[in-house]
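Trainee: Attaching a single structure in structure tokens format; questions to follow.
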Amino acid sequence: MNSFEGIIEFVAVAESQGFSSAAKRLACSTSHISRQISRLEERLACTLFARTTRQIHLTQAGLTYYQQCKELVHGLEQANEQVSSQQFQINGTLRVSGAGTFCEQYVAPALMQFAEHHPKLSIEMDFNTRMVNFIDDGFDFAIRYGELSDSSLVARKLANRPMMAVASPAYLQQYGEPKQPSHLKNHRCIISNNDHWLFSQDGTQESIKVSGRWRSNNAHAVVKAAEQGLGIAYMPKSSFTQSIELGLLLPVLSTFWGKGASSWIVYQNKRFLPLRARLAIDYLVQYFATWSE
């Protein structure tokens, strides 16, 4: 019997904290994982995991064994990937989660170009604003905007997203143009993610509470509402590029626009990323290195 049999499954269970999640990570059945762990425990003559109906965790012996095995497994994974990367023949399916105009208009086309370089690769891109579980949902990485609340995730900055305030010509003709951020309290505003807008004034940030008749977490809906004259909108500049070029929207409060937030590539752990995901992430970071709103 191979003395290394079951070690990859053991490390996967230890790091995924579950047989089902380990099976998804290794693309095999839960029963296979269970058999391999049982055989490994029998061969070592000790219990590696303490199991309950809801949880599984390492025993003291299991923890000691994991600390010795993890570097071996990770080293093997990296060696396999280095050999594979030299061939530049990545395949399989890359699954990406993203949301918003930036992902639709800029990230998706960049990934299309990446796919052209790798004809054996398939890409699935899911446009959804919900937070994803990378193991359970099977995503390789996600594109997210703003502050990241989950500190357990690895994040790489993709692009800075400065803000822009806009309104339609018809709205400005009817209600006038605000000259100071504080004037927004007397205007109808179109609210996207929150009703506190940050502006830069005299080197400091000023938060303005706004209100209005239209609220949506969809950037396209916000842009269309602004074009229809429902109020003033405030989002990253790239959201309004086409509408500005067509004259459907006009910039307002341009000297007070905030620096905004950033768009990020987030993923669970670089050690567990397949080669196709690592190459795609590096490609996107390089692609957006010189990009600006």
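Following the order of the structure tokens, chains are lettered A, B, ..., residues in each are numbered from 1, and ligands are numbered from 1.
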Can you tell me, as a PyMOL selection string, what residues are no more than 9 Å from region 171-174 of chain A when counting only C-alpha atoms, ignoring any on the same chain fewer than 6 positions away?
Mentor: chain A and resi 226-232+250
Trainee: Go ahead and write the residues just picked, N, CA and C atoms, as a compact mmCIF listing (two decimals), in the first residue's frame.
Mentor:
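The result, stored in part.txt:
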# COMPACT_ATOMS: atom_id res chain seq x y z
N ALA A 226 -31.66 58.60 -13.70
CA ALA A 226 -31.06 59.93 -13.84
C ALA A 226 -31.36 60.50 -15.22
N GLU A 227 -31.27 59.67 -16.25
CA GLU A 227 -31.57 60.14 -17.61
C GLU A 227 -33.02 60.59 -17.74
N GLN A 228 -33.90 59.95 -16.99
CA GLN A 228 -35.32 60.30 -17.02
C GLN A 228 -35.65 61.54 -16.19
N GLY A 229 -34.63 62.08 -15.52
CA GLY A 229 -34.85 63.30 -14.76
C GLY A 229 -35.39 63.11 -13.37
N LEU A 230 -35.22 61.92 -12.79
CA LEU A 230 -35.75 61.65 -11.46
C LEU A 230 -34.88 62.22 -10.35
N GLY A 231 -33.68 62.71 -10.69
CA GLY A 231 -32.86 63.30 -9.66
C GLY A 231 -31.38 63.26 -9.99
N ILE A 232 -30.57 63.53 -8.97
CA ILE A 232 -29.11 63.54 -9.10
C ILE A 232 -28.57 62.18 -8.65
N LEU A 250 -25.31 65.35 -17.36
CA LEU A 250 -24.30 66.39 -17.22
C LEU A 250 -23.65 66.30 -15.84
Trainee: Please identify the helix (DSSP H, G or I) residues within region 78-174 of chain A (assignment by DSSP from backbone atoms) and present them as JSON, numbers by chain.
Mentor: {"A": [78, 79, 80, 81, 82, 83, 84, 85, 86, 87, 101, 102, 103, 104, 105, 106, 107, 108, 109, 110, 111, 112, 113, 114, 115, 116, 117, 134, 135, 136, 137, 169, 170, 171, 172, 173, 174]}
Trainee: Please save N, CA and C atoms of the selected residues as an mmCIF file, in the first residue's frame.
Mentor:
data_model
loop_
_atom_site.group_PDB
_atom_site.id
_atom_site.type_symbol
_atom_site.label_atom_id
_atom_site.label_comp_id
_atom_site.auth_asym_id
_atom_site.auth_seq_id
_atom_site.Cartn_x
_atom_site.Cartn_y
_atom_site.Cartn_z
ATOM 1 N N GLN A 78 2.315 22.940 -5.956
ATOM 2 C CA GLN A 78 3.060 23.986 -6.651
ATOM 3 C C GLN A 78 3.963 23.395 -7.730
ATOM 4 N N ALA A 79 4.563 22.228 -7.450
ATOM 5 C CA ALA A 79 5.408 21.581 -8.451
ATOM 6 C C ALA A 79 4.584 21.187 -9.670
ATOM 7 N N ASN A 80 3.396 20.650 -9.443
ATOM 8 C CA ASN A 80 2.516 20.276 -10.552
ATOM 9 C C ASN A 80 2.137 21.492 -11.381
ATOM 10 N N GLU A 81 1.831 22.600 -10.687
ATOM 11 C CA GLU A 81 1.409 23.808 -11.393
ATOM 12 C C GLU A 81 2.557 24.426 -12.182
ATOM 13 N N GLN A 82 3.753 24.366 -11.631
ATOM 14 C CA GLN A 82 4.893 24.934 -12.350
ATOM 15 C C GLN A 82 5.151 24.184 -13.643
ATOM 16 N N VAL A 83 5.032 22.866 -13.594
ATOM 17 C CA VAL A 83 5.211 22.075 -14.811
ATOM 18 C C VAL A 83 4.090 22.383 -15.797
ATOM 19 N N SER A 84 2.856 22.485 -15.295
ATOM 20 C CA SER A 84 1.716 22.773 -16.167
ATOM 21 C C SER A 84 1.825 24.153 -16.788
ATOM 22 N N SER A 85 2.285 25.127 -15.995
ATOM 23 C CA SER A 85 2.355 26.496 -16.504
ATOM 24 C C SER A 85 3.354 26.632 -17.643
ATOM 25 N N GLN A 86 4.359 25.778 -17.647
ATOM 26 C CA GLN A 86 5.343 25.842 -18.718
ATOM 27 C C GLN A 86 4.729 25.442 -20.057
ATOM 28 N N GLN A 87 3.659 24.666 -20.009
ATOM 29 C CA GLN A 87 2.996 24.237 -21.236
ATOM 30 C C GLN A 87 1.975 25.275 -21.714
ATOM 31 N N THR A 101 -21.917 47.539 -13.204
ATOM 32 C CA THR A 101 -21.537 48.011 -14.526
ATOM 33 C C THR A 101 -20.057 47.775 -14.816
ATOM 34 N N PHE A 102 -19.212 47.982 -13.816
ATOM 35 C CA PHE A 102 -17.774 47.803 -14.014
ATOM 36 C C PHE A 102 -17.457 46.381 -14.464
ATOM 37 N N CYS A 103 -18.076 45.408 -13.821
ATOM 38 C CA CYS A 103 -17.839 44.009 -14.206
ATOM 39 C C CYS A 103 -18.394 43.724 -15.595
ATOM 40 N N GLU A 104 -19.568 44.253 -15.882
ATOM 41 C CA GLU A 104 -20.203 43.985 -17.167
ATOM 42 C C GLU A 104 -19.442 44.631 -18.324
ATOM 43 N N GLN A 105 -19.034 45.876 -18.141
ATOM 44 C CA GLN A 105 -18.453 46.636 -19.251
ATOM 45 C C GLN A 105 -16.941 46.499 -19.367
ATOM 46 N N TYR A 106 -16.269 46.137 -18.273
ATOM 47 C CA TYR A 106 -14.804 46.139 -18.306
ATOM 48 C C TYR A 106 -14.181 44.784 -17.934
ATOM 49 N N VAL A 107 -14.642 44.174 -16.838
ATOM 50 C CA VAL A 107 -14.035 42.918 -16.413
ATOM 51 C C VAL A 107 -14.390 41.781 -17.366
ATOM 52 N N ALA A 108 -15.668 41.681 -17.734
ATOM 53 C CA ALA A 108 -16.087 40.600 -18.636
ATOM 54 C C ALA A 108 -15.338 40.648 -19.972
ATOM 55 N N PRO A 109 -15.221 41.811 -20.634
ATOM 56 C CA PRO A 109 -14.443 41.851 -21.873
ATOM 57 C C PRO A 109 -12.975 41.467 -21.677
ATOM 58 N N ALA A 110 -12.401 41.845 -20.520
ATOM 59 C CA ALA A 110 -11.008 41.463 -20.254
ATOM 60 C C ALA A 110 -10.875 39.948 -20.138
ATOM 61 N N LEU A 111 -11.843 39.304 -19.485
ATOM 62 C CA LEU A 111 -11.813 37.847 -19.371
ATOM 63 C C LEU A 111 -12.064 37.177 -20.718
ATOM 64 N N MET A 112 -12.831 37.830 -21.577
ATOM 65 C CA MET A 112 -13.021 37.295 -22.925
ATOM 66 C C MET A 112 -11.694 37.274 -23.682
ATOM 67 N N GLN A 113 -10.914 38.323 -23.531
ATOM 68 C CA GLN A 113 -9.597 38.356 -24.165
ATOM 69 C C GLN A 113 -8.686 37.278 -23.582
ATOM 70 N N PHE A 114 -8.774 37.085 -22.259
ATOM 71 C CA PHE A 114 -7.985 36.035 -21.611
ATOM 72 C C PHE A 114 -8.353 34.670 -22.180
ATOM 73 N N ALA A 115 -9.650 34.445 -22.395
ATOM 74 C CA ALA A 115 -10.115 33.160 -22.939
ATOM 75 C C ALA A 115 -9.581 32.930 -24.350
ATOM 76 N N GLU A 116 -9.424 34.005 -25.120
ATOM 77 C CA GLU A 116 -8.899 33.862 -26.479
ATOM 78 C C GLU A 116 -7.475 33.309 -26.476
ATOM 79 N N HIS A 117 -6.721 33.606 -25.424
ATOM 80 C CA HIS A 117 -5.345 33.110 -25.322
ATOM 81 C C HIS A 117 -5.300 31.645 -24.878
ATOM 82 N N PHE A 134 -16.865 30.526 -1.361
ATOM 83 C CA PHE A 134 -16.024 30.039 -2.454
ATOM 84 C C PHE A 134 -16.014 28.519 -2.546
ATOM 85 N N ILE A 135 -16.083 27.841 -1.398
ATOM 86 C CA ILE A 135 -16.062 26.384 -1.427
ATOM 87 C C ILE A 135 -17.422 25.831 -1.838
ATOM 88 N N ASP A 136 -18.485 26.261 -1.147
ATOM 89 C CA ASP A 136 -19.817 25.716 -1.416
ATOM 90 C C ASP A 136 -20.335 26.127 -2.792
ATOM 91 N N ASP A 137 -20.043 27.365 -3.216
ATOM 92 C CA ASP A 137 -20.565 27.849 -4.498
ATOM 93 C C ASP A 137 -19.640 27.529 -5.670
ATOM 94 N N PRO A 169 -30.142 67.145 -18.236
ATOM 95 C CA PRO A 169 -30.373 68.560 -18.570
ATOM 96 C C PRO A 169 -31.760 69.021 -18.149
ATOM 97 N N ALA A 170 -32.775 68.150 -18.318
ATOM 98 C CA ALA A 170 -34.144 68.524 -17.967
ATOM 99 C C ALA A 170 -34.278 68.751 -16.465
ATOM 100 N N TYR A 171 -33.639 67.902 -15.659
ATOM 101 C CA TYR A 171 -33.711 68.075 -14.209
ATOM 102 C C TYR A 171 -33.060 69.391 -13.792
ATOM 103 N N LEU A 172 -31.882 69.665 -14.340
ATOM 104 C CA LEU A 172 -31.171 70.887 -13.964
ATOM 105 C C LEU A 172 -31.927 72.133 -14.405
ATOM 106 N N GLN A 173 -32.594 72.038 -15.539
ATOM 107 C CA GLN A 173 -33.379 73.180 -16.007
ATOM 108 C C GLN A 173 -34.563 73.445 -15.080
ATOM 109 N N GLN A 174 -35.157 72.377 -14.567
ATOM 110 C CA GLN A 174 -36.336 72.531 -13.718
ATOM 111 C C GLN A 174 -35.987 72.881 -12.272
#
Trainee: So which residues touch Met163 (chain A) within 8 Å, counting only C-alpha atoms, skipping near sequence neighbours fewer than 2 positions away, as a PyMOL selection string?
Mentor: chain A and resi 161+165+234-237+257-260
Trainee: Put those residues in a file: N, CA, C and O atoms, as a compact mmCIF listing (two decimals), in the first residue's frame.
Mentor:
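Below you can see part_20.txt, which holds the result:
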# COMPACT_ATOMS: atom_id res chain seq x y z
N ARG A 161 -11.79 53.69 -8.10
CA ARG A 161 -13.04 54.07 -8.72
C ARG A 161 -13.52 55.43 -8.20
O ARG A 161 -14.42 55.52 -7.36
N ALA A 165 -20.90 62.93 -9.79
CA ALA A 165 -22.31 63.28 -9.61
C ALA A 165 -22.86 63.82 -10.93
O ALA A 165 -22.19 64.60 -11.62
N TYR A 234 -25.02 59.63 -7.98
CA TYR A 234 -23.62 59.72 -7.54
C TYR A 234 -23.04 58.32 -7.45
O TYR A 234 -23.34 57.55 -6.54
N MET A 235 -22.22 57.98 -8.43
CA MET A 235 -21.60 56.65 -8.50
C MET A 235 -20.22 56.79 -9.14
O MET A 235 -19.83 57.87 -9.57
N PRO A 236 -19.45 55.69 -9.24
CA PRO A 236 -18.16 55.76 -9.94
C PRO A 236 -18.32 56.28 -11.36
O PRO A 236 -19.32 56.00 -12.04
N LYS A 237 -17.32 57.03 -11.82
CA LYS A 237 -17.39 57.72 -13.12
C LYS A 237 -17.76 56.80 -14.28
O LYS A 237 -18.52 57.18 -15.16
N TRP A 257 -16.15 66.01 -5.96
CA TRP A 257 -16.29 64.56 -6.08
C TRP A 257 -15.30 63.84 -5.15
O TRP A 257 -14.13 64.22 -5.06
N GLY A 258 -15.78 62.79 -4.53
CA GLY A 258 -14.93 62.00 -3.64
C GLY A 258 -14.04 61.04 -4.41
O GLY A 258 -14.28 60.74 -5.58
N LYS A 259 -13.01 60.56 -3.73
CA LYS A 259 -12.09 59.62 -4.38
C LYS A 259 -12.71 58.24 -4.56
O LYS A 259 -12.19 57.40 -5.29
N GLY A 260 -13.84 58.00 -3.87
CA GLY A 260 -14.53 56.73 -4.04
C GLY A 260 -13.80 55.58 -3.37
O GLY A 260 -12.97 55.76 -2.49
Trainee: Among region 174-283 of chain A, which ones does DSSP place in strand (DSSP E or B), written as number ranges by chain?
Mentor: A: 189-191, 196-201, 204-209, 214-215, 232-236, 250-252, 257, 261-267
Trainee: Identify, on the basis of only C-alpha atoms, every residue whose closest approach to region 181-198 of chain A does not exceed 7 Å; exclude the query and any residue fewer than 4 positions from it along the same chain; express the result as a VMD selection string.
Mentor: chain A and resid 205 to 212 214 to 217 222 231 to 233 258
Trainee: Restricted to N, CA, C and O atoms, what would the selected residues look like written as an mmCIF file, in the first residue's frame?
Mentor:
data_model
loop_
_atom_site.group_PDB
_atom_site.id
_atom_site.type_symbol
_atom_site.label_atom_id
_atom_site.label_comp_id
_atom_site.auth_asym_id
_atom_site.auth_seq_id
_atom_site.Cartn_x
_atom_site.Cartn_y
_atom_site.Cartn_z
ATOM 1 N N GLN A 205 -13.232 65.093 4.117
ATOM 2 C CA GLN A 205 -14.427 64.441 3.603
ATOM 3 C C GLN A 205 -15.667 64.976 4.293
ATOM 4 O O GLN A 205 -15.665 65.207 5.511
ATOM 5 N N GLU A 206 -16.702 65.162 3.513
ATOM 6 C CA GLU A 206 -17.977 65.634 4.047
ATOM 7 C C GLU A 206 -19.065 64.632 3.662
ATOM 8 O O GLU A 206 -19.225 64.297 2.491
ATOM 9 N N SER A 207 -19.786 64.143 4.648
ATOM 10 C CA SER A 207 -20.864 63.189 4.416
ATOM 11 C C SER A 207 -22.193 63.929 4.366
ATOM 12 O O SER A 207 -22.542 64.673 5.300
ATOM 13 N N ILE A 208 -22.937 63.713 3.284
ATOM 14 C CA ILE A 208 -24.224 64.375 3.093
ATOM 15 C C ILE A 208 -25.320 63.314 3.057
ATOM 16 O O ILE A 208 -25.260 62.373 2.268
ATOM 17 N N LYS A 209 -26.316 63.473 3.920
ATOM 18 C CA LYS A 209 -27.482 62.584 3.911
ATOM 19 C C LYS A 209 -28.432 63.057 2.818
ATOM 20 O O LYS A 209 -28.844 64.210 2.798
ATOM 21 N N VAL A 210 -28.752 62.160 1.897
ATOM 22 C CA VAL A 210 -29.610 62.531 0.766
ATOM 23 C C VAL A 210 -30.895 61.696 0.795
ATOM 24 O O VAL A 210 -30.988 60.667 1.474
ATOM 25 N N SER A 211 -31.861 62.130 0.030
ATOM 26 C CA SER A 211 -33.136 61.415 -0.070
ATOM 27 C C SER A 211 -33.680 61.593 -1.475
ATOM 28 O O SER A 211 -33.243 62.474 -2.229
ATOM 29 N N GLY A 212 -34.623 60.758 -1.833
ATOM 30 C CA GLY A 212 -35.203 60.850 -3.168
ATOM 31 C C GLY A 212 -36.294 59.823 -3.374
ATOM 32 O O GLY A 212 -36.594 59.014 -2.486
ATOM 33 N N TRP A 214 -36.277 57.489 -5.861
ATOM 34 C CA TRP A 214 -35.843 56.279 -6.560
ATOM 35 C C TRP A 214 -34.614 55.705 -5.879
ATOM 36 O O TRP A 214 -33.634 56.402 -5.639
ATOM 37 N N ARG A 215 -34.681 54.407 -5.582
ATOM 38 C CA ARG A 215 -33.557 53.702 -4.970
ATOM 39 C C ARG A 215 -33.398 52.355 -5.667
ATOM 40 O O ARG A 215 -34.376 51.643 -5.909
ATOM 41 N N SER A 216 -32.154 52.003 -6.000
ATOM 42 C CA SER A 216 -31.901 50.717 -6.635
ATOM 43 C C SER A 216 -30.449 50.317 -6.414
ATOM 44 O O SER A 216 -29.560 51.167 -6.402
ATOM 45 N N ASN A 217 -30.202 48.995 -6.250
ATOM 46 C CA ASN A 217 -28.827 48.502 -6.141
ATOM 47 C C ASN A 217 -28.271 48.099 -7.496
ATOM 48 O O ASN A 217 -27.208 47.488 -7.578
ATOM 49 N N VAL A 222 -30.107 52.970 -11.919
ATOM 50 C CA VAL A 222 -29.786 54.310 -11.411
ATOM 51 C C VAL A 222 -29.500 55.266 -12.570
ATOM 52 O O VAL A 222 -29.987 56.400 -12.596
ATOM 53 N N GLY A 231 -33.681 62.713 -10.692
ATOM 54 C CA GLY A 231 -32.856 63.302 -9.659
ATOM 55 C C GLY A 231 -31.378 63.265 -9.988
ATOM 56 O O GLY A 231 -30.978 62.988 -11.123
ATOM 57 N N ILE A 232 -30.567 63.526 -8.971
ATOM 58 C CA ILE A 232 -29.109 63.535 -9.095
ATOM 59 C C ILE A 232 -28.568 62.177 -8.651
ATOM 60 O O ILE A 232 -28.983 61.644 -7.624
ATOM 61 N N ALA A 233 -27.651 61.632 -9.423
ATOM 62 C CA ALA A 233 -27.042 60.336 -9.100
ATOM 63 C C ALA A 233 -25.564 60.533 -8.778
ATOM 64 O O ALA A 233 -24.923 61.463 -9.286
ATOM 65 N N GLY A 258 -15.777 62.791 -4.530
ATOM 66 C CA GLY A 258 -14.932 62.003 -3.639
ATOM 67 C C GLY A 258 -14.040 61.042 -4.409
ATOM 68 O O GLY A 258 -14.284 60.738 -5.582
#
